[in-house]
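**Q** Sending over coords_1.txt (compact mmCIF, N, CA and C atoms and all ligand atoms).
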# COMPACT_ATOMS: atom_id res chain seq x y z
N MET A 191 0.86 -1.19 0.00
CA MET A 191 0.00 0.00 0.00
C MET A 191 0.89 1.24 0.00
N HIS A 192 1.13 1.82 -1.17
CA HIS A 192 2.08 2.93 -1.23
C HIS A 192 1.51 4.22 -0.66
N GLU A 193 0.21 4.21 -0.34
CA GLU A 193 -0.40 5.39 0.28
C GLU A 193 0.24 5.69 1.64
N VAL A 194 0.76 4.66 2.30
CA VAL A 194 1.40 4.89 3.61
C VAL A 194 2.63 5.78 3.44
N GLY A 195 3.43 5.49 2.43
CA GLY A 195 4.62 6.31 2.16
C GLY A 195 4.23 7.73 1.82
N ILE A 196 3.18 7.87 1.04
CA ILE A 196 2.72 9.21 0.66
C ILE A 196 2.20 9.96 1.87
N ALA A 197 1.43 9.26 2.70
CA ALA A 197 0.89 9.87 3.92
C ALA A 197 2.03 10.34 4.81
N ASN A 198 3.09 9.55 4.89
CA ASN A 198 4.26 9.93 5.68
C ASN A 198 4.90 11.21 5.14
N SER A 199 5.04 11.29 3.82
CA SER A 199 5.63 12.48 3.20
C SER A 199 4.77 13.72 3.48
N ILE A 200 3.46 13.54 3.42
CA ILE A 200 2.55 14.65 3.67
C ILE A 200 2.70 15.14 5.10
N LEU A 201 2.75 14.18 6.03
CA LEU A 201 2.89 14.54 7.44
C LEU A 201 4.23 15.23 7.67
N GLU A 202 5.28 14.73 7.05
CA GLU A 202 6.60 15.35 7.16
C GLU A 202 6.57 16.80 6.68
N ALA A 203 5.91 17.00 5.54
CA ALA A 203 5.81 18.36 4.98
C ALA A 203 5.08 19.28 5.96
N GLY A 204 4.03 18.76 6.58
CA GLY A 204 3.27 19.54 7.56
C GLY A 204 4.12 19.86 8.77
N ARG A 205 4.90 18.89 9.22
CA ARG A 205 5.74 19.10 10.40
C ARG A 205 6.86 20.10 10.10
N THR A 206 7.41 20.01 8.90
CA THR A 206 8.47 20.94 8.50
C THR A 206 7.96 22.36 8.51
N GLU A 207 6.75 22.52 7.93
CA GLU A 207 6.13 23.84 7.86
C GLU A 207 5.87 24.37 9.28
N THR A 208 5.38 23.49 10.14
CA THR A 208 5.05 23.89 11.51
C THR A 208 6.31 24.28 12.28
N ALA A 209 7.40 23.56 12.02
CA ALA A 209 8.66 23.80 12.75
C ALA A 209 9.23 25.19 12.47
N ARG A 210 8.81 25.78 11.36
CA ARG A 210 9.30 27.13 11.02
C ARG A 210 8.69 28.20 11.93
N ARG A 211 7.60 27.84 12.58
CA ARG A 211 6.93 28.83 13.44
C ARG A 211 7.00 28.36 14.88
N PRO A 212 7.83 29.02 15.66
CA PRO A 212 8.05 28.58 17.04
C PRO A 212 6.75 28.53 17.84
N GLY A 213 6.52 27.40 18.49
CA GLY A 213 5.34 27.25 19.35
C GLY A 213 4.07 26.89 18.63
N ALA A 214 4.12 26.87 17.29
CA ALA A 214 2.91 26.57 16.52
C ALA A 214 2.58 25.08 16.61
N LYS A 215 1.29 24.79 16.43
CA LYS A 215 0.83 23.41 16.49
C LYS A 215 0.18 23.06 15.15
N LEU A 216 0.53 21.92 14.63
CA LEU A 216 -0.03 21.49 13.36
C LEU A 216 -1.50 21.10 13.54
N MET A 217 -2.40 21.69 12.72
CA MET A 217 -3.82 21.43 12.86
C MET A 217 -4.41 20.67 11.67
N GLY A 218 -3.95 21.00 10.49
CA GLY A 218 -4.53 20.36 9.32
C GLY A 218 -3.63 20.49 8.11
N ILE A 219 -3.81 19.56 7.20
CA ILE A 219 -3.05 19.59 5.96
C ILE A 219 -4.02 19.31 4.81
N GLY A 220 -3.91 20.11 3.78
CA GLY A 220 -4.75 19.89 2.61
C GLY A 220 -3.89 19.43 1.44
N VAL A 221 -4.37 18.45 0.71
CA VAL A 221 -3.63 17.99 -0.47
C VAL A 221 -4.55 17.95 -1.68
N ARG A 222 -3.95 18.15 -2.84
CA ARG A 222 -4.66 18.01 -4.11
C ARG A 222 -4.19 16.72 -4.76
N VAL A 223 -5.15 15.86 -5.05
CA VAL A 223 -4.81 14.57 -5.62
C VAL A 223 -5.43 14.45 -7.01
N GLY A 224 -4.61 14.42 -8.01
CA GLY A 224 -5.10 14.30 -9.38
C GLY A 224 -5.62 12.90 -9.66
N VAL A 225 -6.61 12.80 -10.54
CA VAL A 225 -7.20 11.49 -10.84
C VAL A 225 -6.20 10.54 -11.49
N LEU A 226 -5.16 11.10 -12.09
CA LEU A 226 -4.16 10.27 -12.77
C LEU A 226 -2.96 9.97 -11.88
N SER A 227 -3.00 10.42 -10.65
CA SER A 227 -1.84 10.23 -9.77
C SER A 227 -1.72 8.79 -9.30
N GLY A 228 -2.81 8.03 -9.43
CA GLY A 228 -2.78 6.64 -8.98
C GLY A 228 -2.96 6.50 -7.48
N VAL A 229 -3.29 7.61 -6.82
CA VAL A 229 -3.47 7.57 -5.37
C VAL A 229 -4.96 7.47 -5.03
N ASP A 230 -5.28 6.51 -4.20
CA ASP A 230 -6.66 6.34 -3.74
C ASP A 230 -6.86 7.24 -2.52
N VAL A 231 -7.76 8.22 -2.67
CA VAL A 231 -7.94 9.22 -1.61
C VAL A 231 -8.41 8.59 -0.30
N ASP A 232 -9.31 7.61 -0.39
CA ASP A 232 -9.79 6.96 0.83
C ASP A 232 -8.67 6.21 1.52
N ALA A 233 -7.87 5.50 0.73
CA ALA A 233 -6.73 4.75 1.28
C ALA A 233 -5.71 5.71 1.89
N LEU A 234 -5.55 6.85 1.24
CA LEU A 234 -4.60 7.84 1.74
C LEU A 234 -5.05 8.39 3.09
N ARG A 235 -6.35 8.70 3.17
CA ARG A 235 -6.91 9.22 4.42
C ARG A 235 -6.75 8.20 5.55
N PHE A 236 -7.05 6.95 5.21
CA PHE A 236 -6.94 5.86 6.19
C PHE A 236 -5.49 5.70 6.64
N ALA A 237 -4.56 5.71 5.69
CA ALA A 237 -3.14 5.57 6.02
C ALA A 237 -2.69 6.71 6.92
N PHE A 238 -3.16 7.91 6.59
CA PHE A 238 -2.78 9.09 7.38
C PHE A 238 -3.27 8.95 8.82
N GLU A 239 -4.52 8.49 8.98
CA GLU A 239 -5.07 8.34 10.32
C GLU A 239 -4.31 7.29 11.12
N CYS A 240 -3.87 6.23 10.44
CA CYS A 240 -3.09 5.19 11.12
C CYS A 240 -1.76 5.74 11.60
N ILE A 241 -1.15 6.57 10.77
CA ILE A 241 0.17 7.11 11.09
C ILE A 241 0.13 8.06 12.28
N ILE A 242 -0.91 8.91 12.32
CA ILE A 242 -0.95 9.92 13.38
C ILE A 242 -1.55 9.40 14.67
N ALA A 243 -2.23 8.25 14.64
CA ALA A 243 -2.87 7.72 15.84
C ALA A 243 -1.83 7.53 16.95
N GLY A 244 -2.13 8.09 18.11
CA GLY A 244 -1.25 7.92 19.26
C GLY A 244 -0.05 8.85 19.28
N THR A 245 0.06 9.72 18.26
CA THR A 245 1.17 10.69 18.27
C THR A 245 0.65 12.05 18.69
N GLU A 246 1.56 13.00 18.83
CA GLU A 246 1.16 14.36 19.20
C GLU A 246 0.34 15.02 18.08
N ASP A 247 0.37 14.44 16.91
CA ASP A 247 -0.37 15.00 15.77
C ASP A 247 -1.68 14.25 15.49
N GLU A 248 -2.17 13.50 16.46
CA GLU A 248 -3.34 12.66 16.18
C GLU A 248 -4.61 13.44 15.88
N LYS A 249 -4.62 14.76 16.16
CA LYS A 249 -5.81 15.56 15.87
C LYS A 249 -5.72 16.25 14.51
N VAL A 250 -4.62 16.06 13.84
CA VAL A 250 -4.42 16.72 12.54
C VAL A 250 -5.43 16.20 11.52
N VAL A 251 -6.08 17.13 10.84
CA VAL A 251 -7.09 16.75 9.86
C VAL A 251 -6.50 16.80 8.45
N LEU A 252 -6.63 15.71 7.74
CA LEU A 252 -6.16 15.67 6.35
C LEU A 252 -7.34 15.93 5.42
N THR A 253 -7.21 16.96 4.62
CA THR A 253 -8.25 17.28 3.65
C THR A 253 -7.70 16.96 2.26
N ALA A 254 -8.33 16.02 1.60
CA ALA A 254 -7.86 15.64 0.27
C ALA A 254 -8.88 16.07 -0.77
N GLU A 255 -8.40 16.80 -1.74
CA GLU A 255 -9.27 17.29 -2.79
C GLU A 255 -8.93 16.55 -4.08
N ASN A 256 -9.92 15.92 -4.66
CA ASN A 256 -9.70 15.23 -5.93
C ASN A 256 -9.65 16.23 -7.07
N CYS A 257 -8.64 16.15 -7.90
CA CYS A 257 -8.54 17.05 -9.03
C CYS A 257 -8.76 16.28 -10.32
N PRO A 258 -9.64 16.80 -11.19
CA PRO A 258 -9.91 16.11 -12.45
C PRO A 258 -8.75 16.29 -13.42
N ARG A 259 -8.81 15.53 -14.47
CA ARG A 259 -7.86 15.72 -15.55
C ARG A 259 -8.27 16.97 -16.34
N MET A 260 -7.34 17.90 -16.51
CA MET A 260 -7.61 19.12 -17.27
C MET A 260 -6.82 19.11 -18.57
N ASN A 261 -7.48 19.53 -19.63
CA ASN A 261 -6.83 19.68 -20.93
C ASN A 261 -6.99 21.13 -21.41
N ARG A 262 -6.10 21.56 -22.28
CA ARG A 262 -6.25 22.86 -22.90
C ARG A 262 -6.34 22.69 -24.40
N CYS A 263 -7.29 23.43 -24.99
CA CYS A 263 -7.45 23.40 -26.44
C CYS A 263 -6.44 24.35 -27.07
N GLU A 264 -5.66 23.84 -28.01
CA GLU A 264 -4.63 24.69 -28.65
C GLU A 264 -5.25 25.64 -29.66
N ASP A 265 -6.48 25.36 -30.09
CA ASP A 265 -7.11 26.20 -31.10
C ASP A 265 -7.87 27.38 -30.51
N CYS A 266 -8.61 27.15 -29.41
CA CYS A 266 -9.37 28.27 -28.85
C CYS A 266 -8.91 28.64 -27.45
N GLY A 267 -7.95 27.88 -26.89
CA GLY A 267 -7.38 28.26 -25.61
C GLY A 267 -8.19 27.86 -24.40
N ARG A 268 -9.30 27.19 -24.64
CA ARG A 268 -10.17 26.81 -23.53
C ARG A 268 -9.56 25.68 -22.70
N GLU A 269 -9.69 25.80 -21.38
CA GLU A 269 -9.29 24.70 -20.50
C GLU A 269 -10.55 24.00 -20.04
N TYR A 270 -10.52 22.68 -20.08
CA TYR A 270 -11.73 21.93 -19.74
C TYR A 270 -11.37 20.61 -19.06
N VAL A 271 -12.37 20.06 -18.38
CA VAL A 271 -12.20 18.77 -17.73
C VAL A 271 -12.32 17.69 -18.78
N SER A 272 -11.27 16.92 -18.93
CA SER A 272 -11.29 15.83 -19.90
C SER A 272 -11.80 14.57 -19.21
N PRO A 273 -12.94 14.05 -19.65
CA PRO A 273 -13.54 12.91 -18.95
C PRO A 273 -12.77 11.61 -19.15
N GLN A 274 -11.94 11.53 -20.17
CA GLN A 274 -11.23 10.28 -20.41
C GLN A 274 -10.01 10.18 -19.51
N LEU A 275 -9.88 9.05 -18.89
CA LEU A 275 -8.82 8.91 -17.90
C LEU A 275 -7.55 8.32 -18.47
N SER A 276 -7.60 7.84 -19.68
CA SER A 276 -6.38 7.29 -20.27
C SER A 276 -5.41 8.42 -20.56
N PRO A 277 -4.13 8.20 -20.26
CA PRO A 277 -3.15 9.25 -20.56
C PRO A 277 -2.89 9.38 -22.05
N PHE A 278 -3.41 8.46 -22.84
CA PHE A 278 -3.05 8.44 -24.26
C PHE A 278 -4.16 8.94 -25.19
N THR A 279 -5.36 9.08 -24.66
CA THR A 279 -6.42 9.59 -25.52
C THR A 279 -7.01 10.86 -24.90
N ASP A 280 -7.32 11.81 -25.73
CA ASP A 280 -7.85 13.07 -25.26
C ASP A 280 -9.28 13.26 -25.76
N ALA A 281 -10.11 13.78 -24.88
CA ALA A 281 -11.45 14.15 -25.31
C ALA A 281 -11.34 15.43 -26.12
N PRO A 282 -12.15 15.58 -27.17
CA PRO A 282 -12.08 16.81 -27.96
C PRO A 282 -12.56 18.02 -27.15
N CYS A 283 -12.17 19.19 -27.61
CA CYS A 283 -12.55 20.43 -26.94
C CYS A 283 -14.08 20.60 -26.97
N PRO A 284 -14.71 20.86 -25.82
CA PRO A 284 -16.17 21.05 -25.80
C PRO A 284 -16.59 22.37 -26.44
N GLY A 285 -15.65 23.28 -26.62
CA GLY A 285 -15.97 24.58 -27.20
C GLY A 285 -16.00 24.54 -28.72
N CYS A 286 -14.93 23.99 -29.32
CA CYS A 286 -14.84 24.04 -30.78
C CYS A 286 -14.64 22.65 -31.40
N THR A 287 -14.71 21.60 -30.59
CA THR A 287 -14.58 20.19 -31.00
C THR A 287 -13.21 19.85 -31.61
N SER A 288 -12.25 20.72 -31.42
CA SER A 288 -10.91 20.43 -31.92
C SER A 288 -10.28 19.27 -31.14
N HIS A 289 -9.48 18.48 -31.85
CA HIS A 289 -8.74 17.42 -31.17
C HIS A 289 -7.30 17.85 -30.88
N HIS A 290 -7.02 19.10 -31.24
CA HIS A 290 -5.68 19.64 -31.04
C HIS A 290 -5.57 20.18 -29.62
N THR A 291 -5.46 19.27 -28.67
CA THR A 291 -5.48 19.67 -27.27
C THR A 291 -4.26 19.13 -26.54
N SER A 292 -3.94 19.71 -25.42
CA SER A 292 -2.81 19.22 -24.65
C SER A 292 -3.18 19.06 -23.18
N PHE A 293 -2.45 18.17 -22.58
CA PHE A 293 -2.65 17.84 -21.18
C PHE A 293 -2.19 19.00 -20.29
N VAL A 294 -3.00 19.38 -19.31
CA VAL A 294 -2.62 20.46 -18.40
C VAL A 294 -2.29 19.92 -17.01
N SER A 295 -3.24 19.20 -16.42
CA SER A 295 -3.00 18.68 -15.08
C SER A 295 -3.93 17.51 -14.79
N GLY A 296 -3.66 16.83 -13.69
CA GLY A 296 -4.48 15.68 -13.33
C GLY A 296 -3.64 14.57 -12.71
N ASP A 297 -2.30 14.72 -12.79
CA ASP A 297 -1.44 13.70 -12.19
C ASP A 297 -0.69 14.25 -10.97
N GLN A 298 -1.20 15.37 -10.44
CA GLN A 298 -0.48 16.02 -9.35
C GLN A 298 -0.79 15.41 -7.99
N LEU A 299 0.15 15.58 -7.09
CA LEU A 299 -0.08 15.27 -5.68
C LEU A 299 0.63 16.39 -4.93
N ASP A 300 -0.12 17.45 -4.66
CA ASP A 300 0.48 18.65 -4.08
C ASP A 300 -0.08 18.93 -2.70
N ILE A 301 0.73 19.56 -1.90
CA ILE A 301 0.23 20.10 -0.64
C ILE A 301 -0.49 21.40 -0.99
N ALA A 302 -1.77 21.49 -0.67
CA ALA A 302 -2.53 22.70 -0.97
C ALA A 302 -2.36 23.73 0.14
N PHE A 303 -2.37 23.27 1.38
CA PHE A 303 -2.19 24.18 2.50
C PHE A 303 -1.77 23.41 3.74
N VAL A 304 -1.14 24.13 4.65
CA VAL A 304 -0.81 23.58 5.97
C VAL A 304 -1.40 24.55 6.98
N GLU A 305 -2.24 24.02 7.86
CA GLU A 305 -2.92 24.86 8.83
C GLU A 305 -2.26 24.68 10.19
N VAL A 306 -1.81 25.78 10.76
CA VAL A 306 -1.20 25.69 12.09
C VAL A 306 -1.90 26.65 13.04
N GLU A 307 -1.79 26.33 14.31
CA GLU A 307 -2.36 27.21 15.32
C GLU A 307 -1.19 27.86 16.04
N GLU A 308 -1.14 29.18 15.98
CA GLU A 308 -0.03 29.90 16.62
C GLU A 308 -0.42 30.23 18.05
N PRO A 309 0.55 30.22 18.93
CA PRO A 309 0.24 30.47 20.35
C PRO A 309 -0.16 31.91 20.60
ZN ZN B 1 -11.34 24.60 -28.61
Step by step, read the file and then write its structure as structure tokens.
Ligand SMILES: [Zn+2]

**A**
Amino acid sequence: MHEVGIANSILEAGRTETARRPGAKLMGIGVRVGVLSGVDVDALRFAFECIIAGTEDEKVVLTAENCPRMNRCEDCGREYVSPQLSPFTDAPCPGCTSHHTSFVSGDQLDIAFVEVEEP
């Protein structure tokens, strides 16, 4: 279950951010998970809860936001949600039906925010 490793990295990132502010307490971490990242959000949440259980960070709330696959149309510049999940096929532009489109995002796993409580 590689979500455990990812959950660990997320927690580390949160702790690093918190350590920059003396006396601050880590409260929550938000992540953006792209549909193409291969990460199961429920498994990630579960792994995170297992990791923090019994530690000083056991109250930390993990907020995971699913991000769709986004494409950009090279002909009209429109960015849209591409419903096809295969990395090799693109849905045509809903604006002008062009197939001349490029991948924008959907494989990301980013920290969106770290919430700390300052004394
Ligand atoms: Zn278009």

**Q** Counting only N, CA and C atoms, which residue out of A:Lys215, A:Ala197, A:Cys240, A:His192 sits closest to Pro309 (chain A)?

**A**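 So, comparing all the options, the nearest one is A:Lys215.
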
**Q** Enumerate, in order of chain and increasing residue number, the residues of chain A with an atom no farther than 6 Å from ligand ZN 1 (chain B), each with its shortest atom pair and distance in Å to one decimal, counting only C-alpha atoms and all ligand atoms, as CSV.

**A**
residue,atom,partner,partner_atom,distance
A:Cys263,CA,B:ZN1,ZN,4.6
A:Asp265,CA,B:ZN1,ZN,5.2
A:Cys266,CA,B:ZN1,ZN,4.2
A:Arg268,CA,B:ZN1,ZN,5.7
A:Cys283,CA,B:ZN1,ZN,4.7
A:Gly285,CA,B:ZN1,ZN,4.8
A:Cys286,CA,B:ZN1,ZN,4.2
A:Thr287,CA,B:ZN1,ZN,6.0
A:Ser288,CA,B:ZN1,ZN,5.3

**Q** Identify all residues of chain A in strand (DSSP E) (DSSP on the backbone) and supply them as a PyMOL selection string.

**A** chain A and resi 215-224+251-257+260-263+269-271+291-295+299-307

**Q** Write out as a compact mmCIF listing (two decimals) with N, CA and C atoms, keeping the file's coordinate frame which residues come within 8 Å of region 224-232 of chain A when counting only N, CA and C atoms, dropping same-chain ones fewer than 4 positions away.

**A**
# COMPACT_ATOMS: atom_id res chain seq x y z
N HIS A 192 1.13 1.82 -1.17
CA HIS A 192 2.08 2.93 -1.23
C HIS A 192 1.51 4.22 -0.66
N GLU A 193 0.21 4.21 -0.34
CA GLU A 193 -0.40 5.39 0.28
C GLU A 193 0.24 5.69 1.64
N PHE A 236 -7.05 6.95 5.21
CA PHE A 236 -6.94 5.86 6.19
C PHE A 236 -5.49 5.70 6.64
N ALA A 237 -4.56 5.71 5.69
CA ALA A 237 -3.14 5.57 6.02
C ALA A 237 -2.69 6.71 6.92
N PHE A 238 -3.16 7.91 6.59
CA PHE A 238 -2.78 9.09 7.38
C PHE A 238 -3.27 8.95 8.82
N ALA A 254 -8.33 16.02 1.60
CA ALA A 254 -7.86 15.64 0.27
C ALA A 254 -8.88 16.07 -0.77
N GLU A 255 -8.40 16.80 -1.74
CA GLU A 255 -9.27 17.29 -2.79
C GLU A 255 -8.93 16.55 -4.08
N ASN A 256 -9.92 15.92 -4.66
CA ASN A 256 -9.70 15.23 -5.93
C ASN A 256 -9.65 16.23 -7.07
N CYS A 257 -8.64 16.15 -7.90
CA CYS A 257 -8.54 17.05 -9.03
C CYS A 257 -8.76 16.28 -10.32
N PRO A 258 -9.64 16.80 -11.19
CA PRO A 258 -9.91 16.11 -12.45
C PRO A 258 -8.75 16.29 -13.42
N ARG A 259 -8.81 15.53 -14.47
CA ARG A 259 -7.86 15.72 -15.55
C ARG A 259 -8.27 16.97 -16.34
N MET A 260 -7.34 17.90 -16.51
CA MET A 260 -7.61 19.12 -17.27
C MET A 260 -6.82 19.11 -18.57
N LEU A 275 -9.88 9.05 -18.89
CA LEU A 275 -8.82 8.91 -17.90
C LEU A 275 -7.55 8.32 -18.47
N PRO A 277 -4.13 8.20 -20.26
CA PRO A 277 -3.15 9.25 -20.56
C PRO A 277 -2.89 9.38 -22.05
N SER A 295 -3.24 19.20 -16.42
CA SER A 295 -3.00 18.68 -15.08
C SER A 295 -3.93 17.51 -14.79
N GLY A 296 -3.66 16.83 -13.69
CA GLY A 296 -4.48 15.68 -13.33
C GLY A 296 -3.64 14.57 -12.71
N ASP A 297 -2.30 14.72 -12.79
CA ASP A 297 -1.44 13.70 -12.19
C ASP A 297 -0.69 14.25 -10.97
N GLN A 298 -1.20 15.37 -10.44
CA GLN A 298 -0.48 16.02 -9.35
C GLN A 298 -0.79 15.41 -7.99
N LEU A 299 0.15 15.58 -7.09
CA LEU A 299 -0.08 15.27 -5.68
C LEU A 299 0.63 16.39 -4.93
N ASP A 300 -0.12 17.45 -4.66
CA ASP A 300 0.48 18.65 -4.08
C ASP A 300 -0.08 18.93 -2.70

**Q** Quick one: pull the distance between CA of Pro284 (chain A) and CA of Glu264 (chain A), Å, one decimal.

**A** 12.4 Å

**Q** Tell me which of A:Lys249, A:His290, A:Arg211, A:Arg235 sits closest to Glu308 (chain A), counting only C-alpha atoms.

**A**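 Among the listed residues, A:Arg211 lies closest to Glu308 (chain A).
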
**Q** Have a look at A:Met217, A:Pro273, A:Val194, A:Pro212 and name the one nearest to Glu239 (chain A); count only C-alpha atoms.

**A**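 So, comparing all the options, the nearest one is A:Val194.
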
**Q** Could you work out how far atom N of Phe303 (chain A) lies from atom N of Arg262 (chain A), giving the answer in Å with one decimal?

**A**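 Computed distance, atom N of Arg262 (chain A) to atom N of Phe303 (chain A), equals 24.0 Å.
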
**Q** Considering only C-alpha atoms, state which residue in the set A:Ala281, A:Leu234, A:Leu216, A:Ile200 is at the smallest distance from Val250 (chain A).

**A** A:Leu216

**Q** With a distance cut-off of 8 Å and all atoms listed in the file, select the neighbouring residues of Glu207 (chain A), excluding the residue or stretch itself and same-chain residues fewer than 3 positions from it, and output the selection as a PyMOL selection string.

**A** chain A and resi 201-204+210-211+216+304+306

**Q** Mind giving me the straight-line distance from atom N of Ser272 (chain A) to atom N of Ile219 (chain A) in Å, one decimal?

**A**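 Atom-to-atom, atom N of Ser272 (chain A) to atom N of Ile219 (chain A), that is 27.3 Å.
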
**Q** Going by DSSP on the backbone, which residues of chain A come out as helix (DSSP H, G or I)? List them as a PyMOL selection string.

**A** chain A and resi 193-209+231-242

**Q** Determine the nearest neighbour of Asn261 (chain A) from the options A:Ala233, A:Val223, A:Ser292, A:Gly244, counting only C-alpha atoms.

**A** A:Ser292

**Q** Could you work out an axis-aligned box for region 284-290 of chain A, taking every atom the file lists and adding 5 Å on each side, and report centre and edge lengths in Å to one decimal, as JSON?

**A**
{"center_x": -11.1, "center_y": 21.0, "center_z": -28.9, "size_x": 21.0, "size_y": 17.2, "size_z": 16.1}
